[in-house]
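This report concerns only the one structure given below.
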Amino acid sequence: MSVVSRFGGLLTGLMGRQERILILKELRETLRDRRTIVTLFAMPLLLYPLLGLAFRFVALQQVAAGPPEYCIAIENDEDATWLLHAMRLGEERMEQQFRATGFLDRPTECPPQVSFYVLDRQEPGRLEHIVAGGQADLGVRIHYRDQMMTRELPGAHVETVKCDGSLVSHEAADYIEERLSAITDAMIAPQLRPVSLQIPNALSEQSHIVEPQRQSTALLSLLPLVLLLMTVTGGVYPAIDLTAGERERDTLESLMALPLPRYRILFAKFLAVVAVTLLTGLMNLLAMCVTMYSLQLESMLFGADGLTALLVFKLFTVLVVFGFFYATLLLLLTCSARSFKEAQAYLIPLLMLSLAPGVSIAMPGWELNYQTALLPLMNMLLLARELFENTASLGPSLLALLATAAYGVVALYAASRIFGNDAVSHGSSSNWAELFRRPEKRVATPSLVMSFGLLLALIPAYIFASGFLARFVDLSMDWRLLMSGVTTILLFGVFPLAVLKWYRVDWNTALRLRTTRVFSWPAALLMGLFAWPWIFELVRLTNSWGWTSFGDRQFNQVSALLNSWSATPFPVLLLVMAVLPGICEELFFRGVLLSGLRRRFSWRMSILLSALAFGVFHVVLAGGLSPERIVPSTVMGLLLGWVAWEAGSVLPAVLLHVVHNSTLLTLARYRDEIALYTKGLGVDYHLPPLWLAISAVCLFLAAIMMHRRNGLAWHPVPKHVSA
Amino acid sequence: MIVLDQLTKSFPGKPLAVDRLSFRVSPGEVYGLLGPNGAGKTTTLRMILGLLTPTSGDAAVNGCRVSAEPLRMKSQLGLVSASAGLYQWLSVRELLEYFGHGYGLPREEIERGIEKLTRIMGLGEFLDQRCSTLSTGQQQRTNLARALIHDPPVVLLDEPTRGLDVIGSQVVFEYVDQLRQLGKAIVVCTHQLDEAERLCDRFGLLHHGRLRYEGTLASLQHETGKRSLVEMFLAILSEDQIQEQVTS
């Protein structure tokens, strides 16, 4: 009985006859192809043993290379000095003892390199915590006695703290204990006792062991990435083959001619892709377990418990949810492709993007909590890593699984809207010349493709431009400000306007440059003046979720930058840093982009999408990634989009943006004076409740003034301003 | 009976692909929708099948309109696509079973259908072979059988002899003749005008999405003063060229 027939038997109990037949056909098409089978079985069987051998090789290299290095945690500098003296004395006594046995020289050994981790503060159990956390190999605590051991060195009781299961920790302890014992022996044996040693019992020692905390290693960060990515690679080929492949082979037309709703046909394909993905995941898990067991890597990676059946089950659950989610992503992209080649071109960036979270979680500070559980891809990688480390908590784990499943459902819904529709079946087959050809007729608004194309072009252009500007550190601040202003105008103003001009898009309608009701202006002004406290608190909120790139160092850098501006006339700063970005960004985001989105989506959806683009733009453009800006910038984008919609014009949104930027800049400029009233703007600072209350009241009043149906309109504005 | 009423399709930034196309085909009649490449034939078939949404107008089979009941409409149509488009990893039997189930037929009816089509189309020798191993002629016969598995009252054939040799084309002609005898309404889209003359009872001459002439061969000869369909098309093309020169 073939695998497909067995699967058919399983499906019989789960769904109707027609669904079963649809899925079986997709599975037959997929599993009878040798390329799928190779991806499914051969790749994991080859990859994991090779990876396992590489891990072992690296581990052995680390153990064998060079003299041993011991990091010893100690409570203060005085103790470190005492220990160094004692070790030197012990070394001399050992040498002496060795010579006493009749040999001239001790066998040469590589002396260890000892470094000290001196505790920053004295707390009970701090030394144990440091050793258990792996920050030092061994802890040494010294209790001095009244008796002197030598003329210079007081006697002491030495307490060593070893880490359970750590070979290095035990070796370091042995190294110290051997030398202390040599001193003790010399004290007890009179023939060995030199003049320098005073009286016996001036030295005693004691050791105890602490349980190590679970800690992340680079290997444990890499393993989830390998496991999850290898799993989804199984779904890549079927996803392409069952969608774009069908289109390319001309089988999709007869399939779509069947009297079945599109979503049922797509759902069958989806289940087939999920099935193959899960089979690949199972094979990968199996290959990983066998590799771990056979190469005896499980205790090295997972501690004393090793790789348990429960852990394997939990990992498989993660693979099921992740496979489901990734299959929907694959189908979403491949549905819109017209050929195998095109689908591959879409999927390669997705696979590359999937690597980024894997690399990110290798960095310190990332853990699965209720906030990171909502980040797609990242949440599953973090969950898999914490399962490996046995540190996963139930709540965030469940949330991560549910969120991923929800994202999958959304992606599947989007795929069902695209699958087999007109636009994809008969999309433009224009050549490059046609793409750049100037149309004969004027149009009122840019197309969705044009708007998104501009957005995609602006993001890298702005990153490059910011990077180039940052290289001119030798230029004066005035010149740098001038260049920054020109860059903003060129990128957000001249470039989009030139594109609109070329494609004969009317500037007035595309950018929504219209007069508006008189009440829109004071409303926008009020919002611009009083939105910042809530935006500030949103930044603090996202910081509290752990989404931050803004530590003390960055805070100091920004302060230094603000200080360097003090010589520049404030109006110039306002013009370059507040007015120009406000005007240019609004013309693009609430002008070009919003008009383009409106061609396809409802007003609400258009505002939401433009706000998301605005939020993402501010995350990317802050001299690197600033995840804490996504929420406040998106909220600001929603507010600006709503204002542009209510006013029927982009101009009040420009005013709001300019005033908001100017307010922030003013606050930054006069932060020292303000600090006198606010007890300083530290990293953990929150604004006083009274400020927030005043801000909320002003925003509420402004919203009432801005809202069209309040009867305050100077003149009516059409409901749908541009379509 | 299939009826097209003012069916129109436009794509953004392009001239009308199909411009207010209307015709009807009765049971037992073979209608040739003829025209050069890009005339709008395939777009018309896709609109009838519900694969493309018409910009305006409608199509109906036995009173069932594609705009109102697209799925019911599809169940009354059989499509023979221009390329065989078979699933390479399925056997011919599996393919026919799959499409039978797709049309919602019970298993017994599918088995009877396969038996009948095997007899008529001569599928017996390769019924259990995978489609990837079939010759071009066998693939085309399988393609024809797939369109008839649910015994539809209307059959749409899109360039049915494309890529076939003389013998393969003969199979198609015989097949169409059998369908006519079975009382099916048949629409054949082709640019092979000489073949169309042999196959079809009535013709619609399509150019730039518009139906320029419609009727039997005799009536078209009478109307245009030309003897063959090829001559008629050449006359249409030269008229268009003159028209374009005048407007430019």
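By order in the structure tokens, chains are A, B, ...; within a chain, residues start at 1; ligands start at 1, following the order shown.
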
What residues in segment 1-244 of chain B get the DSSP label strand (DSSP E)? Please answer as number ranges by chain. B: 2-9, 18-25, 30-34, 56-61, 64-65, 77-80, 154-158, 185-190, 202-207, 210-215

Exercise: segment 394-404 of chain A partners within 8 Å, only C-alpha atoms, chain neighbours under 3 positions left out, as a count of residues only: 16

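The two atoms in question, atom CA of Met43 of chain A and atom CA of Leu350 of chain A, are spaced 20.4 Å apart.
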
Applying 7 Å and only C-alpha atoms, which residues near Ile240 of chain A remain after dropping the ones on its own chain fewer than 3 positions away? List them as a list in words.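 Contacts, in chain order: Val236, Tyr237, Thr243, Ala244, Gly245, Thr334, Phe340 and Ala343 of chain A.
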
Compute the set of chain B residues within 6 Å of chain A, using only C-alpha atoms, and express it as a count of residues only. 6

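We find atom CA of Pro652 of chain A and atom CA of Ala702 of chain A to be spaced 11.9 Å apart.
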
For a test of reading the model, state the distance in Å between atom CA of Tyr263 of chain A and atom CA of Ser416 of chain A, rounded to one decimal. 5.4 Å

Compile the contact shell of segment 153-157 of chain A as a ChimeraX atom specification: residues with an atom at most 12 Å away, counting only C-alpha atoms, same-chain residues fewer than 4 positions apart removed. /A:78-79,81-89,140-149,180,183-184,187,196-207

Hey, can you spit out that residue selection with N, CA and C atoms as an mmCIF file, in the first residue's frame?
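Contents of part34.cif, freshly written:
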data_model
loop_
_atom_site.group_PDB
_atom_site.id
_atom_site.type_symbol
_atom_site.label_atom_id
_atom_site.label_comp_id
_atom_site.auth_asym_id
_atom_site.auth_seq_id
_atom_site.Cartn_x
_atom_site.Cartn_y
_atom_site.Cartn_z
ATOM 1 N N GLU A 78 41.380 42.944 47.289
ATOM 2 C CA GLU A 78 42.266 42.459 48.356
ATOM 3 C C GLU A 78 42.338 40.925 48.319
ATOM 4 N N ASP A 79 41.166 40.306 48.125
ATOM 5 C CA ASP A 79 41.113 38.839 48.042
ATOM 6 C C ASP A 79 41.904 38.340 46.841
ATOM 7 N N THR A 81 44.478 39.750 45.446
ATOM 8 C CA THR A 81 45.913 39.868 45.747
ATOM 9 C C THR A 81 46.358 38.708 46.651
ATOM 10 N N TRP A 82 45.529 38.417 47.670
ATOM 11 C CA TRP A 82 45.852 37.320 48.602
ATOM 12 C C TRP A 82 45.956 35.996 47.845
ATOM 13 N N LEU A 83 44.986 35.767 46.969
ATOM 14 C CA LEU A 83 44.950 34.496 46.252
ATOM 15 C C LEU A 83 46.167 34.354 45.337
ATOM 16 N N LEU A 84 46.543 35.453 44.700
ATOM 17 C CA LEU A 84 47.717 35.412 43.814
ATOM 18 C C LEU A 84 48.981 35.071 44.610
ATOM 19 N N HIS A 85 49.117 35.701 45.767
ATOM 20 C CA HIS A 85 50.267 35.417 46.646
ATOM 21 C C HIS A 85 50.262 33.951 47.058
ATOM 22 N N ALA A 86 49.088 33.497 47.487
ATOM 23 C CA ALA A 86 48.959 32.114 47.968
ATOM 24 C C ALA A 86 49.300 31.126 46.858
ATOM 25 N N MET A 87 48.839 31.436 45.624
ATOM 26 C CA MET A 87 49.111 30.527 44.510
ATOM 27 C C MET A 87 50.611 30.465 44.231
ATOM 28 N N ARG A 88 51.294 31.618 44.316
ATOM 29 C CA ARG A 88 52.730 31.635 44.051
ATOM 30 C C ARG A 88 53.471 30.835 45.127
ATOM 31 N N LEU A 89 53.024 31.017 46.361
ATOM 32 C CA LEU A 89 53.629 30.294 47.486
ATOM 33 C C LEU A 89 53.403 28.792 47.329
ATOM 34 N N VAL A 140 35.715 32.109 44.478
ATOM 35 C CA VAL A 140 36.581 31.937 45.659
ATOM 36 C C VAL A 140 36.219 33.011 46.683
ATOM 37 N N ARG A 141 35.885 32.546 47.888
ATOM 38 C CA ARG A 141 35.552 33.481 48.970
ATOM 39 C C ARG A 141 36.584 33.278 50.072
ATOM 40 N N ILE A 142 37.124 34.343 50.601
ATOM 41 C CA ILE A 142 38.211 34.232 51.578
ATOM 42 C C ILE A 142 37.796 34.868 52.905
ATOM 43 N N HIS A 143 37.898 34.060 53.989
ATOM 44 C CA HIS A 143 37.608 34.583 55.348
ATOM 45 C C HIS A 143 38.952 34.646 56.076
ATOM 46 N N TYR A 144 39.396 35.854 56.379
ATOM 47 C CA TYR A 144 40.735 36.009 56.974
ATOM 48 C C TYR A 144 40.717 35.622 58.453
ATOM 49 N N ARG A 145 41.899 35.150 58.892
ATOM 50 C CA ARG A 145 42.050 34.777 60.313
ATOM 51 C C ARG A 145 43.068 35.706 60.968
ATOM 52 N N ASP A 146 43.068 35.599 62.287
ATOM 53 C CA ASP A 146 43.997 36.456 63.038
ATOM 54 C C ASP A 146 45.441 36.002 62.862
ATOM 55 N N GLN A 147 45.616 34.660 62.780
ATOM 56 C CA GLN A 147 46.984 34.168 62.620
ATOM 57 C C GLN A 147 47.529 34.559 61.261
ATOM 58 N N MET A 148 48.861 34.748 61.237
ATOM 59 C CA MET A 148 49.510 35.047 59.953
ATOM 60 C C MET A 148 50.045 33.755 59.360
ATOM 61 N N MET A 149 49.920 33.629 58.042
ATOM 62 C CA MET A 149 50.423 32.433 57.371
ATOM 63 C C MET A 149 51.914 32.622 57.058
ATOM 64 N N LEU A 180 46.904 25.150 47.610
ATOM 65 C CA LEU A 180 46.615 25.406 49.030
ATOM 66 C C LEU A 180 47.026 24.193 49.873
ATOM 67 N N ILE A 183 50.666 24.164 50.593
ATOM 68 C CA ILE A 183 51.038 25.074 51.689
ATOM 69 C C ILE A 183 50.721 24.404 53.029
ATOM 70 N N THR A 184 49.530 23.793 53.110
ATOM 71 C CA THR A 184 49.112 23.139 54.357
ATOM 72 C C THR A 184 50.086 22.017 54.721
ATOM 73 N N MET A 187 53.159 23.265 56.162
ATOM 74 C CA MET A 187 52.993 23.732 57.541
ATOM 75 C C MET A 187 53.052 22.555 58.518
ATOM 76 N N SER A 196 59.621 31.045 56.442
ATOM 77 C CA SER A 196 58.568 32.023 56.152
ATOM 78 C C SER A 196 57.207 31.604 56.699
ATOM 79 N N LEU A 197 56.925 30.292 56.729
ATOM 80 C CA LEU A 197 55.608 29.872 57.204
ATOM 81 C C LEU A 197 55.544 29.923 58.723
ATOM 82 N N GLN A 198 54.494 30.489 59.217
ATOM 83 C CA GLN A 198 54.409 30.736 60.660
ATOM 84 C C GLN A 198 53.934 29.505 61.429
ATOM 85 N N ILE A 199 52.618 29.383 61.567
ATOM 86 C CA ILE A 199 52.122 28.294 62.426
ATOM 87 C C ILE A 199 51.112 27.446 61.663
ATOM 88 N N PRO A 200 50.968 26.178 62.064
ATOM 89 C CA PRO A 200 49.965 25.344 61.399
ATOM 90 C C PRO A 200 48.555 25.894 61.627
ATOM 91 N N ASN A 201 47.639 25.345 60.840
ATOM 92 C CA ASN A 201 46.198 25.670 60.942
ATOM 93 C C ASN A 201 45.865 27.129 60.626
ATOM 94 N N ALA A 202 46.839 27.821 60.024
ATOM 95 C CA ALA A 202 46.505 29.190 59.592
ATOM 96 C C ALA A 202 45.717 29.159 58.297
ATOM 97 N N LEU A 203 45.679 27.986 57.648
ATOM 98 C CA LEU A 203 44.968 27.887 56.352
ATOM 99 C C LEU A 203 44.037 26.683 56.370
ATOM 100 N N SER A 204 42.803 26.899 55.936
ATOM 101 C CA SER A 204 41.883 25.765 55.765
ATOM 102 C C SER A 204 41.066 26.016 54.506
ATOM 103 N N GLU A 205 40.485 24.961 53.993
ATOM 104 C CA GLU A 205 39.718 25.132 52.757
ATOM 105 C C GLU A 205 38.444 24.307 52.786
ATOM 106 N N GLN A 206 37.505 24.765 51.955
ATOM 107 C CA GLN A 206 36.205 24.094 51.893
ATOM 108 C C GLN A 206 35.632 24.385 50.500
ATOM 109 N N SER A 207 34.930 23.417 49.942
ATOM 110 C CA SER A 207 34.344 23.703 48.624
ATOM 111 C C SER A 207 32.883 23.303 48.594
#

Which residues are near Lys116 of chain B? Cut-off 12 Å, only C-alpha atoms, ignore same chain within fewer than 3 positions. Put them as a PDB file with C-alpha atoms, in the first residue's frame.
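Saved file result17.pdb follows:
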ATOM      1  CA  LEU B  96     -10.474  11.017 -15.517  1.00  0.00           C
ATOM      2  CA  GLU B 109     -21.144   7.097 -12.964  1.00  0.00           C
ATOM      3  CA  ILE B 110     -17.455   7.928 -13.280  1.00  0.00           C
ATOM      4  CA  GLU B 111     -16.628   4.289 -13.924  1.00  0.00           C
ATOM      5  CA  ARG B 112     -19.357   4.055 -16.559  1.00  0.00           C
ATOM      6  CA  GLY B 113     -18.114   7.291 -18.145  1.00  0.00           C
ATOM      7  CA  ARG B 119     -14.540   2.614 -26.103  1.00  0.00           C
ATOM      8  CA  ILE B 120     -15.272   5.759 -28.123  1.00  0.00           C
ATOM      9  CA  MET B 121     -11.829   7.399 -27.891  1.00  0.00           C
ATOM     10  CA  GLY B 122      -9.742   4.220 -27.915  1.00  0.00           C
ATOM     11  CA  LEU B 123      -8.090   4.883 -24.556  1.00  0.00           C
ATOM     12  CA  GLY B 124      -7.816   1.206 -23.566  1.00  0.00           C
ATOM     13  CA  ALA B 145     -12.075  12.528 -22.915  1.00  0.00           C
ATOM     14  CA  LEU B 148     -16.599  14.815 -21.774  1.00  0.00           C
ATOM     15  CA  ILE B 149     -16.376  12.823 -18.540  1.00  0.00           C
ATOM     16  CA  HIS B 150     -19.431  14.625 -17.082  1.00  0.00           C
ATOM     17  CA  ASP B 151     -21.401  14.488 -20.349  1.00  0.00           C
TER      18      ASP B 151
END

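When only C-alpha atoms are used to compute distances to Ile236 of chain B, the closest of the residues B:Met73, B:Ala17, B:Leu206, B:Ile167 turns out to be B:Leu206.
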
Which residue is closest to Ser135 of chain B? Choose from B:Ala84, B:Leu7, B:Leu34, B:Leu51 and count only C-alpha atoms. B:Ala84

If you run DSSP on the backbone, which residues of segment 439-587 of chain A are helix (DSSP H, G or I), as a VMD selection string? chain A and resid 448 to 471 477 to 502 507 to 510 520 to 530 532 to 544 552 to 567 570 to 587

Expected file contents, prior selection, C-alpha atoms, as a short mmCIF file (atom, residue, chain, number, x, y, z; two decimals), in the first residue's frame:
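After the write, result19.cif holds the following:
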data_model
loop_
_atom_site.label_atom_id
_atom_site.label_comp_id
_atom_site.auth_asym_id
_atom_site.auth_seq_id
_atom_site.Cartn_x
_atom_site.Cartn_y
_atom_site.Cartn_z
CA LEU A 448 -1.17 51.05 -6.48
CA VAL A 449 1.86 49.53 -8.18
CA MET A 450 3.39 52.97 -8.75
CA SER A 451 2.84 54.01 -5.11
CA PHE A 452 4.32 50.81 -3.73
CA GLY A 453 7.16 50.93 -6.23
CA LEU A 454 8.05 54.41 -4.98
CA LEU A 455 7.90 53.24 -1.36
CA LEU A 456 10.17 50.28 -2.10
CA ALA A 457 12.61 52.54 -3.93
CA LEU A 458 12.63 55.17 -1.16
CA ILE A 459 13.49 52.82 1.70
CA PRO A 460 16.92 51.70 0.40
CA ALA A 461 17.56 55.14 -1.10
CA TYR A 462 17.07 56.80 2.29
CA ILE A 463 19.19 54.19 4.09
CA PHE A 464 22.03 54.75 1.61
CA ALA A 465 21.67 58.54 1.75
CA SER A 466 21.69 58.55 5.58
CA GLY A 467 24.74 56.29 5.53
CA PHE A 468 26.62 58.56 3.12
CA LEU A 469 25.76 61.63 5.19
CA ALA A 470 27.06 59.94 8.33
CA ARG A 471 30.46 59.53 6.65
CA MET A 477 27.22 70.99 11.51
CA ASP A 478 25.76 73.67 9.22
CA TRP A 479 26.90 71.80 6.12
CA ARG A 480 25.60 68.50 7.43
CA LEU A 481 22.22 70.05 8.16
CA LEU A 482 22.13 71.55 4.70
CA MET A 483 22.91 68.21 3.09
CA SER A 484 20.29 66.49 5.25
CA GLY A 485 17.67 69.03 4.15
CA VAL A 486 18.56 68.66 0.49
CA THR A 487 18.42 64.86 0.78
CA THR A 488 14.94 65.00 2.30
CA ILE A 489 13.70 67.31 -0.44
CA LEU A 490 15.24 65.23 -3.22
CA LEU A 491 14.05 61.86 -1.96
CA PHE A 492 10.57 62.61 -0.65
CA GLY A 493 9.78 65.63 -2.78
CA VAL A 494 11.57 65.82 -6.10
CA PHE A 495 11.79 62.08 -6.81
CA PRO A 496 8.08 61.19 -6.31
CA LEU A 497 6.95 64.38 -8.06
CA ALA A 498 9.19 63.62 -11.03
CA VAL A 499 7.78 60.10 -11.27
CA LEU A 500 4.21 61.47 -11.10
CA LYS A 501 5.05 64.01 -13.76
CA TRP A 502 6.54 61.38 -16.07
CA TRP A 507 -0.14 66.59 -8.77
CA ASN A 508 -3.12 68.30 -7.18
CA THR A 509 -5.31 65.22 -7.08
CA ALA A 510 -2.53 62.73 -6.41
CA SER A 520 -9.23 71.74 10.20
CA TRP A 521 -6.31 74.13 10.74
CA PRO A 522 -6.66 74.84 14.48
CA ALA A 523 -7.50 71.17 15.00
CA ALA A 524 -4.30 70.08 13.24
CA LEU A 525 -2.31 72.69 15.17
CA LEU A 526 -3.72 71.49 18.49
CA MET A 527 -2.95 67.88 17.64
CA GLY A 528 0.58 68.77 16.58
CA LEU A 529 1.19 70.57 19.88
CA PHE A 530 -0.32 67.96 22.17
CA TRP A 532 3.82 64.18 21.76
CA PRO A 533 3.16 63.11 25.41
CA TRP A 534 1.21 60.06 24.23
CA ILE A 535 3.73 59.28 21.50
CA PHE A 536 6.46 59.53 24.16
CA GLU A 537 4.56 57.13 26.42
CA LEU A 538 4.09 54.69 23.52
CA VAL A 539 7.86 54.65 23.05
CA ARG A 540 8.22 53.88 26.77
CA LEU A 541 5.59 51.16 26.47
CA THR A 542 7.40 49.41 23.61
CA ASN A 543 10.66 49.79 25.56
CA SER A 544 9.03 47.97 28.46
CA ASP A 552 22.44 54.34 27.90
CA ARG A 553 25.08 54.50 25.19
CA GLN A 554 22.61 55.61 22.53
CA PHE A 555 21.05 58.05 24.99
CA ASN A 556 24.46 59.64 25.52
CA GLN A 557 25.12 59.75 21.78
CA VAL A 558 21.84 61.55 21.16
CA SER A 559 22.62 63.97 23.99
CA ALA A 560 26.01 64.69 22.41
CA LEU A 561 24.32 65.28 19.05
CA LEU A 562 21.81 67.66 20.64
CA ASN A 563 24.65 69.52 22.31
CA SER A 564 26.47 69.86 18.99
CA TRP A 565 23.40 71.58 17.57
CA SER A 566 23.51 74.30 20.19
CA ALA A 567 25.71 76.49 17.98
CA PHE A 570 17.27 77.30 16.18
CA PRO A 571 15.12 78.42 13.19
CA VAL A 572 17.58 76.66 10.85
CA LEU A 573 17.32 73.49 12.94
CA LEU A 574 13.53 73.74 12.87
CA LEU A 575 13.52 74.15 9.11
CA VAL A 576 15.77 71.17 8.40
CA MET A 577 14.71 68.77 11.14
CA ALA A 578 11.01 69.56 11.50
CA VAL A 579 9.50 71.54 8.64
CA LEU A 580 11.11 69.87 5.62
CA PRO A 581 10.59 66.26 6.82
CA GLY A 582 7.02 67.14 7.82
CA ILE A 583 6.15 68.54 4.40
CA CYS A 584 7.99 65.97 2.29
CA GLU A 585 6.93 62.88 4.26
CA GLU A 586 3.29 63.97 4.23
CA LEU A 587 3.32 64.61 0.49
#

Shell around segment 131-133 of chain B at 9 Å using only C-alpha atoms, local window under 6 positions removed, as a PyMOL selection string: chain B and resi 86-92+95+139+142

For Ala68 of chain B, which residue out of B:Thr53, B:Ser26, B:Gln170, B:Ser238 is the nearest one, using only C-alpha atoms?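 Result for the nearest residue to Ala68 of chain B: B:Thr53.
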